[in-house]
file query10.cif (mmCIF, C-alpha atoms)
data_query
#
loop_
_atom_site.label_atom_id
_atom_site.label_comp_id
_atom_site.auth_asym_id
_atom_site.auth_seq_id
_atom_site.Cartn_x
_atom_site.Cartn_y
_atom_site.Cartn_z
CA MET A 23 86.94 -244.38 124.61
CA ASN A 24 85.25 -241.39 126.26
CA LEU A 25 84.85 -243.40 129.44
CA LEU A 26 88.57 -244.21 129.52
CA ARG A 27 89.45 -240.58 128.81
CA ALA A 28 87.20 -239.34 131.63
CA THR A 29 88.67 -241.86 134.07
CA LEU A 30 92.21 -240.85 133.18
CA LEU A 31 91.26 -237.18 133.44
CA LEU A 32 89.80 -237.66 136.91
CA SER A 33 92.75 -239.67 138.13
CA LEU A 34 95.10 -236.88 137.04
CA VAL A 35 93.18 -233.87 138.36
CA ILE A 36 92.04 -235.08 141.78
CA CYS A 37 94.85 -234.87 144.28
CA ILE A 38 94.69 -236.03 147.89
CA SER A 39 97.56 -235.67 150.30
CA SER A 40 97.48 -237.43 153.65
CA LEU A 41 100.02 -237.06 156.44
CA THR A 42 100.46 -237.80 160.11
CA LEU A 43 103.03 -235.72 161.92
CA LYS A 44 104.38 -235.12 165.39
CA ILE A 45 104.32 -231.51 166.57
CA GLU A 46 106.68 -230.83 169.44
CA PRO A 47 105.61 -228.60 172.35
CA ARG A 48 105.97 -224.83 171.88
CA THR A 49 106.37 -225.20 168.09
CA GLU A 50 104.39 -224.58 164.94
CA GLU A 51 104.57 -226.61 161.73
CA CYS A 52 103.49 -224.96 158.47
CA PHE A 53 102.87 -226.43 155.04
CA VAL A 54 102.38 -224.79 151.67
CA GLU A 55 100.15 -226.22 148.96
CA GLU A 56 99.65 -224.98 145.41
CA ALA A 57 95.99 -224.49 144.47
CA SER A 58 94.32 -223.51 141.23
CA LYS A 59 91.68 -220.80 140.99
CA GLY A 60 88.17 -222.23 141.13
CA SER A 61 89.11 -225.78 142.19
CA ALA A 62 87.71 -226.69 145.58
CA ALA A 63 90.26 -227.40 148.30
CA THR A 64 89.55 -229.18 151.58
CA LEU A 65 91.67 -229.46 154.71
CA GLN A 66 90.58 -232.00 157.31
CA PHE A 67 92.56 -232.69 160.48
CA GLN A 68 92.36 -234.63 163.73
CA VAL A 69 94.65 -234.78 166.76
CA THR A 70 95.19 -238.49 167.36
CA ALA A 71 97.52 -238.50 170.38
CA GLY A 72 99.17 -236.26 172.93
CA GLY A 73 97.93 -234.39 175.96
CA LEU A 74 94.37 -233.16 175.79
CA LEU A 75 94.19 -233.82 172.03
CA ASP A 76 94.01 -230.11 171.21
CA ILE A 77 95.87 -227.96 168.70
CA ASP A 78 95.71 -224.57 166.97
CA VAL A 79 95.23 -224.60 163.18
CA SER A 80 95.32 -221.70 160.71
CA ILE A 81 94.80 -221.50 156.94
CA TYR A 82 96.26 -218.50 155.08
CA ASN A 83 95.43 -217.08 151.63
CA THR A 84 98.04 -216.48 148.96
CA ASP A 85 98.46 -212.90 150.19
CA GLY A 86 99.08 -214.06 153.77
CA SER A 87 95.68 -213.07 155.17
CA LEU A 88 93.93 -215.47 157.53
CA LEU A 89 91.31 -217.60 155.79
CA LYS A 90 90.21 -219.86 158.69
CA SER A 91 91.53 -220.70 162.14
CA TRP A 92 90.75 -223.06 165.00
CA SER A 93 91.92 -222.55 168.57
CA VAL A 94 92.35 -225.54 170.89
CA ALA A 95 90.57 -227.88 168.46
CA THR A 96 90.58 -231.66 168.39
CA GLU A 97 89.37 -231.96 164.82
CA GLY A 98 88.11 -229.81 161.99
CA LYS A 99 87.30 -229.58 158.32
CA HIS A 100 87.22 -226.58 156.00
CA THR A 101 86.44 -226.43 152.29
CA TRP A 102 87.12 -223.32 150.25
CA THR A 103 87.36 -222.31 146.62
CA PRO A 104 90.60 -220.44 145.88
CA GLU A 105 90.03 -217.07 144.27
CA THR A 106 93.53 -216.89 142.79
CA ASP A 107 96.18 -219.33 141.67
CA GLY A 108 98.97 -219.58 144.20
CA LYS A 109 100.34 -221.12 147.34
CA TYR A 110 98.10 -221.51 150.35
CA LYS A 111 99.68 -222.03 153.75
CA PHE A 112 98.27 -223.98 156.66
CA CYS A 113 99.88 -224.18 160.09
CA PHE A 114 99.50 -226.48 163.08
CA GLY A 115 100.56 -224.88 166.37
CA ASN A 116 101.30 -226.57 169.69
CA GLN A 117 102.33 -223.44 171.61
CA MET A 118 99.99 -224.10 174.53
CA ALA A 119 101.74 -227.36 175.51
CA ARG A 120 104.82 -227.31 177.71
CA TRP A 121 105.96 -230.94 177.54
CA THR A 122 103.49 -232.93 175.47
CA PRO A 123 103.97 -233.41 171.71
CA LYS A 124 100.83 -233.86 169.60
CA TRP A 125 100.23 -236.28 166.74
CA VAL A 126 98.06 -234.81 164.00
CA SER A 127 96.58 -236.59 160.99
CA PHE A 128 95.47 -234.31 158.21
CA TYR A 129 94.19 -234.66 154.68
CA LEU A 130 94.40 -232.04 152.00
CA SER A 131 92.39 -232.63 148.86
CA GLN A 132 91.93 -230.53 145.77
CA GLY A 133 89.09 -230.95 143.37
CA VAL A 134 88.94 -230.82 139.63
CA ASN A 135 90.58 -227.88 137.91
CA PRO A 136 87.68 -226.00 136.24
CA ASN A 137 89.84 -225.00 133.27
CA LEU A 138 90.19 -228.60 132.03
CA ALA A 139 86.59 -229.33 131.10
CA LYS A 140 83.29 -227.59 131.65
CA ILE A 141 80.50 -229.71 133.09
CA GLU A 142 78.22 -228.86 130.13
CA HIS A 143 80.83 -230.14 127.64
CA ILE A 144 80.90 -233.69 128.96
CA ASP A 145 78.34 -236.38 128.34
CA PRO A 146 76.11 -237.86 131.08
CA ILE A 147 78.28 -240.94 131.57
CA GLU A 148 81.38 -238.84 132.20
CA ARG A 149 79.36 -236.60 134.54
CA THR A 150 78.22 -239.68 136.48
CA ILE A 151 81.81 -240.92 136.65
CA MET A 152 82.90 -237.56 138.04
CA GLU A 153 80.14 -237.65 140.67
CA LEU A 154 81.10 -241.23 141.62
CA SER A 155 84.74 -240.22 141.83
CA ASP A 156 83.89 -237.29 144.11
CA GLY A 157 81.77 -239.57 146.28
CA LEU A 158 84.54 -242.17 146.43
CA THR A 159 87.08 -239.52 147.40
CA GLU A 160 84.81 -238.27 150.17
CA LEU A 161 84.22 -241.85 151.33
CA GLN A 162 87.98 -242.52 151.44
CA GLU A 163 88.56 -239.38 153.50
CA GLU A 164 85.81 -240.41 155.93
CA GLN A 165 87.27 -243.90 156.15
CA LYS A 166 90.73 -242.50 156.98
CA TYR A 167 89.14 -240.30 159.64
CA LEU A 168 87.28 -243.26 161.17
CA ARG A 169 90.48 -245.32 161.18
CA SER A 170 92.30 -242.62 163.11
CA VAL A 171 89.41 -242.37 165.59
CA GLU A 172 89.44 -246.15 165.96
CA ARG A 173 93.20 -246.06 166.62
CA VAL A 174 92.74 -243.46 169.36
CA HIS A 175 89.96 -245.48 170.98
CA ARG A 176 91.98 -248.70 170.74
CA GLU A 177 94.94 -247.04 172.48
CA THR A 178 92.60 -245.81 175.23
CA ILE A 179 91.17 -249.28 175.71
CA GLU A 180 94.64 -250.86 175.76
CA THR A 181 95.91 -248.46 178.42
CA THR A 182 92.75 -249.02 180.47
CA ASN A 183 93.23 -252.80 180.24
CA VAL A 184 96.84 -252.48 181.40
CA ARG A 185 95.77 -250.31 184.34
CA MET A 186 93.06 -252.81 185.28
CA LEU A 187 95.63 -255.62 185.18
CA TYR A 188 97.99 -253.70 187.50
CA TRP A 189 95.13 -252.83 189.85
CA SER A 190 94.00 -256.48 189.96
CA MET A 191 97.56 -257.62 190.70
CA PHE A 192 97.76 -255.04 193.50
CA GLU A 193 94.44 -256.28 194.93
CA VAL A 194 95.68 -259.90 194.86
CA PHE A 195 98.88 -258.84 196.63
CA VAL A 196 96.90 -256.97 199.31
CA LEU A 197 94.52 -259.92 199.82
CA ILE A 198 97.38 -262.42 200.17
CA THR A 199 99.25 -260.11 202.53
CA MET A 200 96.12 -259.58 204.65
CA GLY A 201 95.50 -263.35 204.73
CA PHE A 202 99.03 -264.07 205.99
CA PHE A 203 98.75 -261.24 208.52
CA GLN A 204 95.45 -262.59 209.85
CA ILE A 205 96.82 -266.12 210.15
CA TYR A 206 99.88 -264.85 211.98
CA TYR A 207 97.84 -262.61 214.26
CA LEU A 208 95.26 -265.30 215.11
CA LYS A 209 98.00 -267.84 215.71
CA ARG A 210 99.68 -265.52 218.22
CA PHE A 211 96.34 -264.64 219.81
CA LEU A 212 95.31 -268.26 220.32
CA GLU A 213 98.68 -269.47 221.60
CA VAL A 214 98.53 -270.77 225.14
CA LYS A 215 101.07 -269.02 227.28
CA SER A 216 102.29 -271.15 230.12
CA SER A 217 103.37 -269.47 233.29
CA VAL A 218 105.33 -272.41 234.69
#
call {"tool": "encode", "arguments": {"input": "query10.cif", "output": "structure tokens"}}
result
Amino acid sequence: MNLLRATLLLSLVICISSLTLKIEPRTEECFVEEASKGSAATLQFQVTAGGLLDIDVSIYNTDGSLLKSWSVATEGKHTWTPETDGKYKFCFGNQMARWTPKWVSFYLSQGVNPNLAKIEHIDPIERTIMELSDGLTELQEEQKYLRSVERVHRETIETTNVRMLYWSMFEVFVLITMGFFQIYYLKRFLEVKSSV
């Protein structure tokens, strides 16, 4: 019964949000997330497409002060423990781009609320379940990150293959054209011109 209770407790208190969004050039997209005091929060992001794969990211405290920022970053991860209950804001800015939109995948996860159960009040099995759940959550986040990296690499390979196909077709066209030109030129060169 305790095992079932701990599993239900963990499934209710661990929250992971995952989004992929398109940020237009010269704009900034901001999101607000409620966080409880003492529960660890993690923001992980990666630019998956668009331009030089760079973006500006900022995380703000509940009072509006800057908690962490990245400038012209491709990816990043920041974990913090909120000092107060409230709404934390994080913004993705694409002000440096003139024409290119950026696609950003980001994950926001919040840990266990410390007011629900103290670690010393649970038995070793529940503690092990909590550790396994944390490890599984971290593994899922890493897997999502690797999938987005794989998608970016696959798109790069696909565009390279298309370019190689076009270049090969151009080479074949040039070789055939040169062959016909040489035949025509040699035929004219070797023609016997009669002066009669």
call {"tool": "axis_aligned_box", "arguments": {"input": "query10.cif", "around": "range 92-101 of chain A", "padding_each_side": "6 Å", "output": "JSON"}}
result
{"center_x": 89.4, "center_y": -227.3, "center_z": 161.6, "size_x": 17.9, "size_y": 21.4, "size_z": 30.6}
call {"tool": "resolve_selection", "arguments": {"input": "query10.cif", "expression": "the PyMOL selection byres ((chain A and resi 99-115) around 7)", "output": "number ranges by chain"}}
result
A: 49-67, 77-84, 98, 116-117
call {"tool": "closest_residue", "arguments": {"input": "query10.cif", "among": "A:Thr42, A:Thr96, A:Thr70, A:Ser91", "to": "Arg176 in chain A", "atoms": "all atoms listed in the file"}}
result
A:Thr70
call {"tool": "atom_distance", "arguments": {"input": "query10.cif", "atom1": "CA of Leu212 in chain A", "atom2": "CA of Val196 in chain A"}}
result
23.9 Å
call {"tool": "atom_distance", "arguments": {"input": "query10.cif", "atom1": "CA of Arg185 in chain A", "atom2": "CA of Arg120 in chain A"}}
result
25.6 Å
call {"tool": "atom_distance", "arguments": {"input": "query10.cif", "atom1": "CA of Leu187 in chain A", "atom2": "CA of Gly72 in chain A"}}
result
23.2 Å
call {"tool": "residues_near_point", "arguments": {"input": "query10.cif", "point": "(91.3, -225.6, 168.5)", "cutoff": "6 Å", "atoms": "all atoms listed in the file", "output": "VMD selection string"}}
result
chain A and resid 76 to 78 92 to 95
call {"tool": "closest_residue", "arguments": {"input": "query10.cif", "among": "A:Thr181, A:Phe203, A:Val171, A:Gly133", "to": "Met152 in chain A", "atoms": "all atoms listed in the file"}}
result
A:Gly133
call {"tool": "decode", "arguments": {"input": "query10.cif", "residues": "range 82-98 of chain A", "atoms": "N, CA, C and O atoms", "output": "PDB file, in the first residue's frame"}}
result
ATOM      1  N   TYR A  82      13.679  35.001 -15.214  1.00  0.00           N
ATOM      2  CA  TYR A  82      13.448  36.072 -14.250  1.00  0.00           C
ATOM      3  C   TYR A  82      12.800  35.524 -12.987  1.00  0.00           C
ATOM      4  O   TYR A  82      11.943  34.643 -13.046  1.00  0.00           O
ATOM      5  N   ASN A  83      13.192  36.081 -11.831  1.00  0.00           N
ATOM      6  CA  ASN A  83      12.608  35.746 -10.541  1.00  0.00           C
ATOM      7  C   ASN A  83      11.178  36.263 -10.454  1.00  0.00           C
ATOM      8  O   ASN A  83      10.707  36.970 -11.340  1.00  0.00           O
ATOM      9  N   THR A  84      10.541  35.962  -9.333  1.00  0.00           N
ATOM     10  CA  THR A  84       9.170  36.435  -9.123  1.00  0.00           C
ATOM     11  C   THR A  84       9.103  37.954  -9.009  1.00  0.00           C
ATOM     12  O   THR A  84       8.096  38.552  -9.349  1.00  0.00           O
ATOM     13  N   ASP A  85      10.179  38.582  -8.563  1.00  0.00           N
ATOM     14  CA  ASP A  85      10.196  40.045  -8.442  1.00  0.00           C
ATOM     15  C   ASP A  85      10.656  40.735  -9.729  1.00  0.00           C
ATOM     16  O   ASP A  85      10.764  41.957  -9.769  1.00  0.00           O
ATOM     17  N   GLY A  86      10.926  39.976 -10.772  1.00  0.00           N
ATOM     18  CA  GLY A  86      11.323  40.544 -12.055  1.00  0.00           C
ATOM     19  C   GLY A  86      12.819  40.693 -12.240  1.00  0.00           C
ATOM     20  O   GLY A  86      13.276  41.117 -13.304  1.00  0.00           O
ATOM     21  N   SER A  87      13.609  40.344 -11.242  1.00  0.00           N
ATOM     22  CA  SER A  87      15.065  40.433 -11.380  1.00  0.00           C
ATOM     23  C   SER A  87      15.582  39.254 -12.201  1.00  0.00           C
ATOM     24  O   SER A  87      15.008  38.171 -12.205  1.00  0.00           O
ATOM     25  N   LEU A  88      16.686  39.498 -12.890  1.00  0.00           N
ATOM     26  CA  LEU A  88      17.269  38.485 -13.776  1.00  0.00           C
ATOM     27  C   LEU A  88      17.919  37.387 -12.951  1.00  0.00           C
ATOM     28  O   LEU A  88      18.750  37.649 -12.086  1.00  0.00           O
ATOM     29  N   LEU A  89      17.536  36.145 -13.218  1.00  0.00           N
ATOM     30  CA  LEU A  89      18.097  34.999 -12.519  1.00  0.00           C
ATOM     31  C   LEU A  89      19.243  34.383 -13.315  1.00  0.00           C
ATOM     32  O   LEU A  89      20.298  34.080 -12.770  1.00  0.00           O
ATOM     33  N   LYS A  90      19.055  34.218 -14.630  1.00  0.00           N
ATOM     34  CA  LYS A  90      20.073  33.627 -15.504  1.00  0.00           C
ATOM     35  C   LYS A  90      19.772  34.072 -16.925  1.00  0.00           C
ATOM     36  O   LYS A  90      18.625  34.217 -17.306  1.00  0.00           O
ATOM     37  N   SER A  91      20.833  34.302 -17.705  1.00  0.00           N
ATOM     38  CA  SER A  91      20.616  34.648 -19.115  1.00  0.00           C
ATOM     39  C   SER A  91      21.717  34.056 -19.972  1.00  0.00           C
ATOM     40  O   SER A  91      22.844  33.851 -19.519  1.00  0.00           O
ATOM     41  N   TRP A  92      21.361  33.772 -21.221  1.00  0.00           N
ATOM     42  CA  TRP A  92      22.291  33.311 -22.241  1.00  0.00           C
ATOM     43  C   TRP A  92      22.177  34.271 -23.414  1.00  0.00           C
ATOM     44  O   TRP A  92      21.084  34.693 -23.767  1.00  0.00           O
ATOM     45  N   SER A  93      23.296  34.585 -24.020  1.00  0.00           N
ATOM     46  CA  SER A  93      23.286  35.446 -25.204  1.00  0.00           C
ATOM     47  C   SER A  93      23.868  34.657 -26.368  1.00  0.00           C
ATOM     48  O   SER A  93      24.960  34.087 -26.256  1.00  0.00           O
ATOM     49  N   VAL A  94      23.153  34.609 -27.458  1.00  0.00           N
ATOM     50  CA  VAL A  94      23.545  33.907 -28.681  1.00  0.00           C
ATOM     51  C   VAL A  94      23.941  32.463 -28.340  1.00  0.00           C
ATOM     52  O   VAL A  94      25.035  32.013 -28.644  1.00  0.00           O
ATOM     53  N   ALA A  95      23.027  31.742 -27.711  1.00  0.00           N
ATOM     54  CA  ALA A  95      23.275  30.364 -27.291  1.00  0.00           C
ATOM     55  C   ALA A  95      22.525  29.388 -28.185  1.00  0.00           C
ATOM     56  O   ALA A  95      21.440  29.679 -28.675  1.00  0.00           O
ATOM     57  N   THR A  96      23.106  28.234 -28.384  1.00  0.00           N
ATOM     58  CA  THR A  96      22.472  27.166 -29.142  1.00  0.00           C
ATOM     59  C   THR A  96      21.680  26.250 -28.221  1.00  0.00           C
ATOM     60  O   THR A  96      20.625  25.757 -28.581  1.00  0.00           O
ATOM     61  N   GLU A  97      22.207  26.042 -27.028  1.00  0.00           N
ATOM     62  CA  GLU A  97      21.542  25.183 -26.055  1.00  0.00           C
ATOM     63  C   GLU A  97      21.966  25.596 -24.659  1.00  0.00           C
ATOM     64  O   GLU A  97      22.962  26.302 -24.479  1.00  0.00           O
ATOM     65  N   GLY A  98      21.199  25.166 -23.673  1.00  0.00           N
ATOM     66  CA  GLY A  98      21.540  25.496 -22.300  1.00  0.00           C
ATOM     67  C   GLY A  98      20.638  24.789 -21.322  1.00  0.00           C
ATOM     68  O   GLY A  98      19.563  24.298 -21.671  1.00  0.00           O
TER      69      GLY A  98
END
